[in-house]
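Peer 1: Sending over input.txt (compact mmCIF, C-alpha atoms).
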```
# COMPACT_ATOMS: atom_id res chain seq x y z
CA MET A 1 92.74 55.17 135.19
CA ILE A 2 94.71 58.39 135.63
CA ASP A 3 98.45 57.82 135.33
CA PRO A 4 99.83 58.14 138.90
CA ALA A 5 103.14 59.50 137.62
CA THR A 6 101.48 62.81 136.76
CA ASP A 7 100.57 63.86 140.26
CA ILE A 8 99.01 67.32 140.46
CA PRO A 9 97.76 69.30 143.50
CA VAL A 10 94.14 69.14 144.59
CA TRP A 11 93.19 72.66 143.50
CA ALA A 12 94.49 71.93 139.99
CA ALA A 13 92.56 68.64 139.93
CA ILE A 14 89.37 70.48 140.90
CA ALA A 15 89.94 73.09 138.19
CA VAL A 16 90.63 70.42 135.54
CA ALA A 17 87.53 68.46 136.64
CA PHE A 18 85.37 71.60 136.46
CA PHE A 19 86.51 72.55 132.97
CA VAL A 20 86.26 69.05 131.52
CA LEU A 21 82.77 68.57 132.99
CA VAL A 22 81.57 71.95 131.68
CA GLY A 23 82.90 71.17 128.21
CA ALA A 24 81.38 67.71 128.06
CA ALA A 25 78.04 68.93 129.45
CA LEU A 26 77.86 71.66 126.80
CA ALA A 27 78.59 69.14 124.05
CA LEU A 28 75.84 66.89 125.44
CA ILE A 29 73.35 69.78 125.55
CA GLY A 30 74.21 70.59 121.95
CA ALA A 31 73.58 66.98 120.92
CA ILE A 32 70.24 66.92 122.74
CA GLY A 33 69.24 70.15 120.98
CA LEU A 34 70.29 68.74 117.61
CA LEU A 35 68.08 65.73 118.21
CA SER A 36 65.02 67.54 119.54
CA PHE A 37 64.59 70.72 117.46
CA ASN A 38 62.06 70.70 114.67
CA SER A 39 63.34 72.37 111.52
CA PHE A 40 66.77 72.37 109.92
CA TYR A 41 67.33 76.08 110.48
CA GLN A 42 66.75 75.59 114.21
CA ARG A 43 69.00 72.56 114.23
CA LEU A 44 71.90 74.67 112.93
CA HIS A 45 72.26 76.42 116.28
CA PRO A 46 72.75 73.84 119.09
CA PRO A 47 76.01 72.30 117.77
CA ALA A 48 77.61 75.73 118.25
CA LEU A 49 77.45 75.06 122.01
CA GLY A 50 79.79 72.12 121.60
CA THR A 51 82.09 73.92 119.18
CA SER A 52 82.49 77.12 121.19
CA TRP A 53 82.65 76.53 124.93
CA GLY A 54 82.44 72.75 124.77
CA THR A 55 85.74 72.71 122.92
CA GLY A 56 87.03 75.63 124.98
CA GLY A 57 86.35 73.88 128.29
CA VAL A 58 87.94 70.58 127.32
CA MET A 59 90.96 72.30 125.79
CA MET A 60 91.41 74.48 128.87
CA ALA A 61 91.26 71.38 131.10
CA SER A 62 93.86 69.67 128.92
CA ILE A 63 96.16 72.72 128.96
CA LEU A 64 95.89 72.97 132.77
CA PHE A 65 96.47 69.24 133.29
CA PHE A 66 99.54 68.92 131.08
CA SER A 67 101.07 72.24 132.13
CA ILE A 68 100.83 71.47 135.85
CA GLY A 69 101.55 67.74 135.47
CA PHE A 70 104.71 68.25 133.43
CA GLY A 71 105.80 71.40 135.29
CA ARG A 72 106.25 73.52 132.14
CA PRO A 73 103.76 75.45 130.02
CA ILE A 74 102.23 73.28 127.30
CA PHE A 75 99.90 75.23 125.05
CA HIS A 76 99.53 73.17 121.91
CA GLU A 77 95.89 72.27 122.63
CA ILE A 78 95.08 75.88 121.90
CA LEU A 79 95.76 75.04 118.24
CA ILE A 80 92.65 72.83 118.17
CA GLY A 81 90.64 75.54 119.92
CA ILE A 82 91.64 78.23 117.42
CA PHE A 83 91.12 75.91 114.47
CA VAL A 84 87.62 74.84 115.55
CA THR A 85 86.64 78.42 116.42
CA VAL A 86 87.73 79.68 113.00
CA THR A 87 86.32 76.86 110.87
CA THR A 88 82.91 76.24 112.47
CA PRO A 89 81.22 79.48 111.26
CA VAL A 90 82.52 78.82 107.74
CA THR A 91 81.06 75.30 107.77
CA PHE A 92 77.68 76.27 109.16
CA MET A 93 77.36 79.33 106.93
CA LEU A 94 78.08 77.30 103.80
CA LEU A 95 75.73 74.52 104.90
CA ALA A 96 72.94 77.00 105.65
CA ARG A 97 73.34 78.66 102.25
CA ALA A 98 73.26 75.27 100.52
CA ALA A 99 70.12 74.24 102.42
CA LEU A 100 68.46 77.59 101.66
CA TYR A 101 69.34 77.20 97.98
CA ARG A 102 67.82 73.72 97.92
CA ASP A 103 64.67 74.84 99.76
CA ARG A 104 64.18 77.79 97.41
CA ALA A 105 64.81 75.68 94.33
CA GLU A 106 62.11 73.27 95.49
CA GLY A 107 59.76 76.09 96.46
CA ASN A 108 59.18 74.96 100.04
CA GLU A 109 56.57 76.86 102.01
CA ASP A 110 58.69 77.95 104.99
CA VAL A 111 61.28 79.88 102.96
CA ARG A 112 59.09 81.15 100.12
CA GLY A 113 58.44 84.55 101.71
CA LYS A 114 61.83 85.92 100.72
CA THR A 115 61.92 87.97 97.54
CA GLU A 116 64.40 86.74 94.99
CA ARG A 117 67.17 89.12 94.03
CA PRO A 118 67.26 90.14 90.35
CA ALA A 119 69.94 88.30 88.41
CA THR A 120 71.59 91.50 87.13
CA PRO A 121 71.51 94.83 88.97
CA THR A 122 69.45 97.45 87.13
CA GLU A 123 71.35 100.44 85.76
CA PRO A 124 70.19 103.78 87.09
CA MET B 1 92.91 62.56 146.38
CA SER B 2 93.50 64.53 143.21
CA ILE B 3 93.73 61.28 141.24
CA VAL B 4 90.27 60.26 142.51
CA ILE B 5 88.78 63.65 141.57
CA LEU B 6 90.33 63.51 138.11
CA SER B 7 89.30 59.89 137.49
CA VAL B 8 85.67 60.48 138.41
CA ALA B 9 85.39 63.74 136.46
CA VAL B 10 87.06 62.44 133.31
CA THR B 11 84.99 59.24 133.37
CA ILE B 12 81.75 61.22 133.70
CA ALA B 13 82.87 63.52 130.89
CA GLN B 14 83.65 60.56 128.65
CA LEU B 15 80.24 59.05 129.35
CA MET B 16 78.57 62.39 128.52
CA LEU B 17 80.48 62.68 125.26
CA ALA B 18 79.65 59.09 124.32
CA LEU B 19 75.98 59.77 125.02
CA ALA B 20 76.20 62.91 122.87
CA MET B 21 77.70 60.87 120.03
CA ALA B 22 74.88 58.32 120.35
CA LEU B 23 72.23 61.07 120.16
CA VAL B 24 73.92 62.60 117.13
CA LEU B 25 74.03 59.16 115.51
CA VAL B 26 70.25 58.91 115.96
CA ARG B 27 69.92 62.21 114.08
CA ILE B 28 72.17 60.91 111.27
CA LEU B 29 69.99 57.80 110.89
CA ARG B 30 66.70 59.67 111.15
CA GLY B 31 67.47 62.45 108.69
CA PRO B 32 65.07 63.64 107.32
CA ARG B 33 67.08 65.41 104.61
CA ALA B 34 70.70 65.37 103.47
CA GLN B 35 71.62 68.65 105.18
CA ASP B 36 70.43 67.31 108.56
CA ARG B 37 72.67 64.29 108.17
CA ILE B 38 75.65 66.45 107.20
CA ILE B 39 75.35 68.77 110.18
CA ALA B 40 74.94 65.75 112.46
CA LEU B 41 78.09 64.25 110.95
CA ASP B 42 79.96 67.48 111.65
CA THR B 43 78.80 67.40 115.28
CA LEU B 44 79.86 63.75 115.49
CA TYR B 45 83.36 64.75 114.38
CA ILE B 46 83.57 67.49 117.00
CA ASN B 47 82.38 65.14 119.76
CA ALA B 48 84.85 62.43 118.74
CA MET B 49 87.61 65.04 118.85
CA LEU B 50 86.63 66.09 122.39
CA LEU B 51 86.47 62.43 123.45
CA LEU B 52 90.02 61.89 122.18
CA VAL B 53 91.26 64.90 124.17
CA THR B 54 89.65 63.50 127.33
CA PHE B 55 91.39 60.17 126.60
CA GLY B 56 94.61 62.17 126.47
CA ILE B 57 93.87 63.63 129.92
CA SER B 58 93.06 60.22 131.39
CA THR B 59 96.18 58.49 130.05
CA GLY B 60 98.56 61.44 130.35
CA ARG B 61 99.93 61.02 126.82
CA ILE B 62 100.39 63.68 124.13
CA VAL B 63 99.65 61.27 121.24
CA TYR B 64 95.89 61.76 121.49
CA PHE B 65 96.28 65.48 120.85
CA GLU B 66 97.68 64.81 117.39
CA ALA B 67 94.85 62.41 116.57
CA ALA B 68 92.34 65.04 117.71
CA LEU B 69 93.98 67.69 115.52
CA VAL B 70 93.83 65.40 112.47
CA ILE B 71 90.18 64.57 113.16
CA GLY B 72 89.31 68.26 113.42
CA MET B 73 90.97 69.09 110.10
CA ILE B 74 89.46 66.14 108.21
CA GLY B 75 86.02 66.91 109.65
CA PHE B 76 86.20 70.51 108.46
CA VAL B 77 87.28 69.61 104.93
CA SER B 78 84.74 66.80 104.55
CA THR B 79 81.84 68.94 105.76
CA LEU B 80 82.91 71.70 103.38
CA ALA B 81 83.04 69.26 100.45
CA LEU B 82 79.63 67.83 101.33
CA ALA B 83 78.10 71.31 101.57
CA LYS B 84 79.56 72.17 98.16
CA PHE B 85 78.11 68.95 96.80
CA LEU B 86 74.66 69.85 98.15
CA MET B 87 74.85 73.29 96.58
CA ARG B 88 76.10 72.43 93.09
CA GLY B 89 75.82 68.67 92.61
CA GLU B 90 79.59 68.42 92.09
CA VAL B 91 82.50 68.90 94.45
CA ILE B 92 85.07 70.19 91.95
CA GLU B 93 83.76 71.83 88.82
```
Just give me the structure of the file as structure tokens.

Peer 2:
Amino acid sequence: MIDPATDIPVWAAIAVAFFVLVGAALALIGAIGLLSFNSFYQRLHPPALGTSWGTGGVMMASILFFSIGFGRPIFHEILIGIFVTVTTPVTFMLLARAALYRDRAEGNEDVRGKTERPATPTEP
Amino acid sequence: MSIVILSVAVTIAQLMLALAMALVLVRILRGPRAQDRIIALDTLYINAMLLLVTFGISTGRIVYFEAALVIGMIGFVSTLALAKFLMRGEVIE
């Protein structure tokens, strides 16, 4: 399965295995949370496990594997890490605002407690 | 020795990510509302991206990195467009 041409020492293999397992386990925990939580506003939170340290662990394993296997520093996986870290809060924030807008427009019970802001600020 | 460690760990990680994608797919099918499906689709994108990176580790090729980068970008833009559509009813006004 692993290409035998890229032979790396045992300590590096253990480090790569640790990071890739941590990343995949965090992504799996996030998916389980997404499936099992009750309301949408709770379900917003568990995918952040997979997008923060799930992605971080897998990217770190990939950086370690290619850097040690090819014998020179290879850092381009960090592009994916930075991109996902920057874009995930934007996505979830926008999605939460859209869901809140829809819930308030329909007058659902669980978000009705908030007071609506006045459309125009009152002049003093 | 190191090849055995890497093979076992990467295979277990791929199985975990595939299971995560299956669970997220259940949430997409079950709903109950549009925003639940959209956030599950976003998580599906992220998990597919991680699965591609683990394929890159297991085959030792760089090509999978580029596919993962493209998937990440397309996932971000599509989720953003869908959220805009939920908010306003149109993507570009």

Peer 1: Write out, as a tab-separated table, each residue of chain B that has an atom at most 8 Å from chain A, together with the closest pair of atoms and their distance in Å to one decimal, counting only C-alpha atoms, rows going by chain and rising number.

Peer 2:
```
residue	atom	partner	partner_atom	distance
B:Met1	CA	A:Val10	CA	6.9
B:Ser2	CA	A:Val10	CA	4.9
B:Ile3	CA	A:Ile2	CA	6.4
B:Ile5	CA	A:Ala13	CA	6.5
B:Leu6	CA	A:Ala17	CA	5.9
B:Ser7	CA	A:Ile2	CA	5.9
B:Ala9	CA	A:Ala17	CA	5.2
B:Val10	CA	A:Val20	CA	6.9
B:Ile12	CA	A:Leu21	CA	7.5
B:Ala13	CA	A:Ala24	CA	5.3
B:Gln14	CA	A:Ala24	CA	7.5
B:Met16	CA	A:Ala24	CA	6.0
B:Leu17	CA	A:Ala24	CA	5.8
B:Leu19	CA	A:Leu28	CA	7.1
B:Ala20	CA	A:Leu28	CA	4.8
B:Met21	CA	A:Ala31	CA	7.4
B:Leu23	CA	A:Ala31	CA	6.1
B:Val24	CA	A:Ala31	CA	5.8
B:Val26	CA	A:Leu35	CA	7.5
B:Arg27	CA	A:Leu35	CA	5.7
B:Gln35	CA	A:Ala99	CA	6.4
B:Asp36	CA	A:Phe40	CA	6.4
B:Ile39	CA	A:Leu44	CA	7.4
B:Ala40	CA	A:Leu34	CA	7.6
B:Thr43	CA	A:Pro47	CA	6.2
B:Ile46	CA	A:Thr51	CA	6.9
B:Asn47	CA	A:Ala27	CA	7.0
B:Leu50	CA	A:Thr55	CA	6.7
B:Val53	CA	A:Ser62	CA	7.2
B:Thr54	CA	A:Val58	CA	7.3
B:Gly56	CA	A:Ser62	CA	7.9
B:Ile57	CA	A:Ser62	CA	6.1
B:Ser58	CA	A:Ile2	CA	4.9
B:Thr59	CA	A:Ile2	CA	5.8
B:Gly60	CA	A:Asp3	CA	6.2
B:Phe65	CA	A:Glu77	CA	7.0
B:Ala68	CA	A:Ile80	CA	7.8
B:Leu69	CA	A:Ile80	CA	5.9
B:Gly72	CA	A:Val84	CA	7.1
B:Phe76	CA	A:Thr87	CA	6.8
B:Thr79	CA	A:Thr91	CA	6.7
B:Leu80	CA	A:Thr91	CA	6.0
B:Ala83	CA	A:Leu95	CA	5.2
B:Lys84	CA	A:Ala98	CA	7.4
B:Leu86	CA	A:Ala98	CA	6.1
B:Met87	CA	A:Ala98	CA	4.7
```

Peer 1: Within 7 Å of (78.3, 64.7, 105.2) in the file's own coordinates, which protein, DNA or RNA residues have an atom, counting all atoms listed in the file? List them as a list in words.

Peer 2: Arg37, Ile38, Leu41, Ser78, Thr79 and Leu82 of chain B

Peer 1: Quick one, how far is atom CA of A:Ile78 from atom CA of B:Ile74?

Peer 2: 17.7 Å

Peer 1: Please measure the separation of atom CA of B:Ile71 and atom CA of A:Ile68, giving the value in Å to one decimal.

Peer 2: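 A separation of 26.0 Å between them.
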
Peer 1: Please report the interatomic distance between atom CA of A:Val86 and atom CA of A:Ser52 in Å with one decimal.

Peer 2: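 Taking atom CA of A:Val86 as the start and atom CA of A:Ser52 as the end point, the length is 10.1 Å.
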
Peer 1: If I only want stretch 10-121 of chain A, can you write it with C-alpha atoms, as a PDB file, in the first residue's frame?

Peer 2:
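The resulting file, part24.pdb, is reproduced below:
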```
ATOM      1  CA  VAL A  10      10.611   4.377  12.405  1.00  0.00           C
ATOM      2  CA  TRP A  11      10.277   7.441  14.643  1.00  0.00           C
ATOM      3  CA  ALA A  12       9.011   9.474  11.675  1.00  0.00           C
ATOM      4  CA  ALA A  13       6.554   6.695  10.782  1.00  0.00           C
ATOM      5  CA  ILE A  14       5.231   6.713  14.356  1.00  0.00           C
ATOM      6  CA  ALA A  15       4.852  10.499  14.294  1.00  0.00           C
ATOM      7  CA  VAL A  16       3.054  10.426  10.919  1.00  0.00           C
ATOM      8  CA  ALA A  17       0.768   7.608  12.141  1.00  0.00           C
ATOM      9  CA  PHE A  18      -0.058   9.547  15.328  1.00  0.00           C
ATOM     10  CA  PHE A  19      -0.948  12.752  13.512  1.00  0.00           C
ATOM     11  CA  VAL A  20      -3.001  11.086  10.786  1.00  0.00           C
ATOM     12  CA  LEU A  21      -4.935   9.030  13.346  1.00  0.00           C
ATOM     13  CA  VAL A  22      -5.625  12.077  15.530  1.00  0.00           C
ATOM     14  CA  GLY A  23      -6.863  14.054  12.539  1.00  0.00           C
ATOM     15  CA  ALA A  24      -9.118  11.299  11.248  1.00  0.00           C
ATOM     16  CA  ALA A  25     -10.484  10.559  14.736  1.00  0.00           C
ATOM     17  CA  LEU A  26     -11.367  14.231  15.246  1.00  0.00           C
ATOM     18  CA  ALA A  27     -13.142  14.343  11.888  1.00  0.00           C
ATOM     19  CA  LEU A  28     -15.080  11.201  12.854  1.00  0.00           C
ATOM     20  CA  ILE A  29     -16.062  12.690  16.227  1.00  0.00           C
ATOM     21  CA  GLY A  30     -17.268  15.807  14.436  1.00  0.00           C
ATOM     22  CA  ALA A  31     -19.402  13.715  12.089  1.00  0.00           C
ATOM     23  CA  ILE A  32     -20.894  11.756  14.994  1.00  0.00           C
ATOM     24  CA  GLY A  33     -21.732  15.032  16.743  1.00  0.00           C
ATOM     25  CA  LEU A  34     -23.303  16.431  13.576  1.00  0.00           C
ATOM     26  CA  LEU A  35     -25.520  13.368  13.357  1.00  0.00           C
ATOM     27  CA  SER A  36     -26.542  13.153  17.007  1.00  0.00           C
ATOM     28  CA  PHE A  37     -27.147  16.729  18.217  1.00  0.00           C
ATOM     29  CA  ASN A  38     -30.702  17.975  18.398  1.00  0.00           C
ATOM     30  CA  SER A  39     -31.067  21.524  17.104  1.00  0.00           C
ATOM     31  CA  PHE A  40     -29.389  23.303  14.219  1.00  0.00           C
ATOM     32  CA  TYR A  41     -27.556  25.764  16.448  1.00  0.00           C
ATOM     33  CA  GLN A  42     -25.973  22.852  18.329  1.00  0.00           C
ATOM     34  CA  ARG A  43     -25.134  21.124  15.077  1.00  0.00           C
ATOM     35  CA  LEU A  44     -23.079  24.137  13.971  1.00  0.00           C
ATOM     36  CA  HIS A  45     -20.341  23.312  16.479  1.00  0.00           C
ATOM     37  CA  PRO A  46     -19.094  19.714  15.952  1.00  0.00           C
ATOM     38  CA  PRO A  47     -17.830  20.161  12.351  1.00  0.00           C
ATOM     39  CA  ALA A  48     -15.338  22.691  13.733  1.00  0.00           C
ATOM     40  CA  LEU A  49     -13.470  19.728  15.260  1.00  0.00           C
ATOM     41  CA  GLY A  50     -12.793  18.362  11.796  1.00  0.00           C
ATOM     42  CA  THR A  51     -11.918  21.744  10.318  1.00  0.00           C
ATOM     43  CA  SER A  52      -9.516  22.862  13.042  1.00  0.00           C
ATOM     44  CA  TRP A  53      -7.386  20.033  14.409  1.00  0.00           C
ATOM     45  CA  GLY A  54      -8.747  17.341  12.113  1.00  0.00           C
ATOM     46  CA  THR A  55      -7.337  19.228   9.160  1.00  0.00           C
ATOM     47  CA  GLY A  56      -4.303  20.294  11.190  1.00  0.00           C
ATOM     48  CA  GLY A  57      -3.402  16.725  12.147  1.00  0.00           C
ATOM     49  CA  VAL A  58      -3.721  15.294   8.648  1.00  0.00           C
ATOM     50  CA  MET A  59      -1.813  18.204   7.112  1.00  0.00           C
ATOM     51  CA  MET A  60       0.954  17.884   9.700  1.00  0.00           C
ATOM     52  CA  ALA A  61       1.227  14.149   8.958  1.00  0.00           C
ATOM     53  CA  SER A  62       1.439  14.887   5.232  1.00  0.00           C
ATOM     54  CA  ILE A  63       4.103  17.575   5.733  1.00  0.00           C
ATOM     55  CA  LEU A  64       6.184  15.230   7.921  1.00  0.00           C
ATOM     56  CA  PHE A  65       5.835  12.298   5.514  1.00  0.00           C
ATOM     57  CA  PHE A  66       6.789  14.168   2.350  1.00  0.00           C
ATOM     58  CA  SER A  67       9.531  16.242   3.977  1.00  0.00           C
ATOM     59  CA  ILE A  68      11.291  13.208   5.471  1.00  0.00           C
ATOM     60  CA  GLY A  69      10.521  10.897   2.534  1.00  0.00           C
ATOM     61  CA  PHE A  70      11.889  13.282  -0.090  1.00  0.00           C
ATOM     62  CA  GLY A  71      14.713  14.604   2.107  1.00  0.00           C
ATOM     63  CA  ARG A  72      13.847  18.287   1.600  1.00  0.00           C
ATOM     64  CA  PRO A  73      11.290  20.531   3.288  1.00  0.00           C
ATOM     65  CA  ILE A  74       7.902  20.384   1.545  1.00  0.00           C
ATOM     66  CA  PHE A  75       5.399  22.757   3.081  1.00  0.00           C
ATOM     67  CA  HIS A  76       2.692  23.222   0.493  1.00  0.00           C
ATOM     68  CA  GLU A  77       0.081  21.301   2.527  1.00  0.00           C
ATOM     69  CA  ILE A  78       0.093  24.236   4.903  1.00  0.00           C
ATOM     70  CA  LEU A  79      -1.766  26.147   2.169  1.00  0.00           C
ATOM     71  CA  ILE A  80      -4.810  23.911   2.673  1.00  0.00           C
ATOM     72  CA  GLY A  81      -4.530  24.307   6.443  1.00  0.00           C
ATOM     73  CA  ILE A  82      -4.431  28.110   6.275  1.00  0.00           C
ATOM     74  CA  PHE A  83      -7.224  28.222   3.709  1.00  0.00           C
ATOM     75  CA  VAL A  84      -9.560  25.979   5.723  1.00  0.00           C
ATOM     76  CA  THR A  85      -8.761  27.806   8.971  1.00  0.00           C
ATOM     77  CA  VAL A  86      -9.551  31.184   7.409  1.00  0.00           C
ATOM     78  CA  THR A  87     -12.683  30.211   5.483  1.00  0.00           C
ATOM     79  CA  THR A  88     -14.525  27.978   7.972  1.00  0.00           C
ATOM     80  CA  PRO A  89     -15.561  30.756  10.423  1.00  0.00           C
ATOM     81  CA  VAL A  90     -16.818  32.843   7.492  1.00  0.00           C
ATOM     82  CA  THR A  91     -18.932  29.945   6.222  1.00  0.00           C
ATOM     83  CA  PHE A  92     -20.415  29.008   9.574  1.00  0.00           C
ATOM     84  CA  MET A  93     -21.058  32.616  10.583  1.00  0.00           C
ATOM     85  CA  LEU A  94     -22.923  33.328   7.350  1.00  0.00           C
ATOM     86  CA  LEU A  95     -24.880  30.079   7.597  1.00  0.00           C
ATOM     87  CA  ALA A  96     -25.841  30.788  11.219  1.00  0.00           C
ATOM     88  CA  ARG A  97     -27.028  34.298  10.339  1.00  0.00           C
ATOM     89  CA  ALA A  98     -29.079  32.935   7.435  1.00  0.00           C
ATOM     90  CA  ALA A  99     -30.659  30.267   9.655  1.00  0.00           C
ATOM     91  CA  LEU A 100     -31.387  32.841  12.372  1.00  0.00           C
ATOM     92  CA  TYR A 101     -32.972  35.137   9.798  1.00  0.00           C
ATOM     93  CA  ARG A 102     -35.176  32.313   8.540  1.00  0.00           C
ATOM     94  CA  ASP A 103     -36.172  31.251  12.060  1.00  0.00           C
ATOM     95  CA  ARG A 104     -37.052  34.818  13.050  1.00  0.00           C
ATOM     96  CA  ALA A 105     -38.978  35.416   9.841  1.00  0.00           C
ATOM     97  CA  GLU A 106     -41.060  32.328  10.571  1.00  0.00           C
ATOM     98  CA  GLY A 107     -41.458  33.240  14.237  1.00  0.00           C
ATOM     99  CA  ASN A 108     -40.148  29.962  15.642  1.00  0.00           C
ATOM    100  CA  GLU A 109     -40.424  29.497  19.382  1.00  0.00           C
ATOM    101  CA  ASP A 110     -36.767  28.814  20.222  1.00  0.00           C
ATOM    102  CA  VAL A 111     -35.416  32.096  18.835  1.00  0.00           C
ATOM    103  CA  ARG A 112     -38.359  34.393  19.573  1.00  0.00           C
ATOM    104  CA  GLY A 113     -36.938  35.697  22.858  1.00  0.00           C
ATOM    105  CA  LYS A 114     -34.540  38.074  21.142  1.00  0.00           C
ATOM    106  CA  THR A 115     -35.718  41.655  20.804  1.00  0.00           C
ATOM    107  CA  GLU A 116     -35.677  42.959  17.269  1.00  0.00           C
ATOM    108  CA  ARG A 117     -33.439  45.920  16.583  1.00  0.00           C
ATOM    109  CA  PRO A 118     -35.213  49.069  15.356  1.00  0.00           C
ATOM    110  CA  ALA A 119     -34.840  49.575  11.624  1.00  0.00           C
ATOM    111  CA  THR A 120     -33.395  53.094  11.966  1.00  0.00           C
ATOM    112  CA  PRO A 121     -31.416  54.306  14.986  1.00  0.00           C
TER     113      PRO A 121
END
```
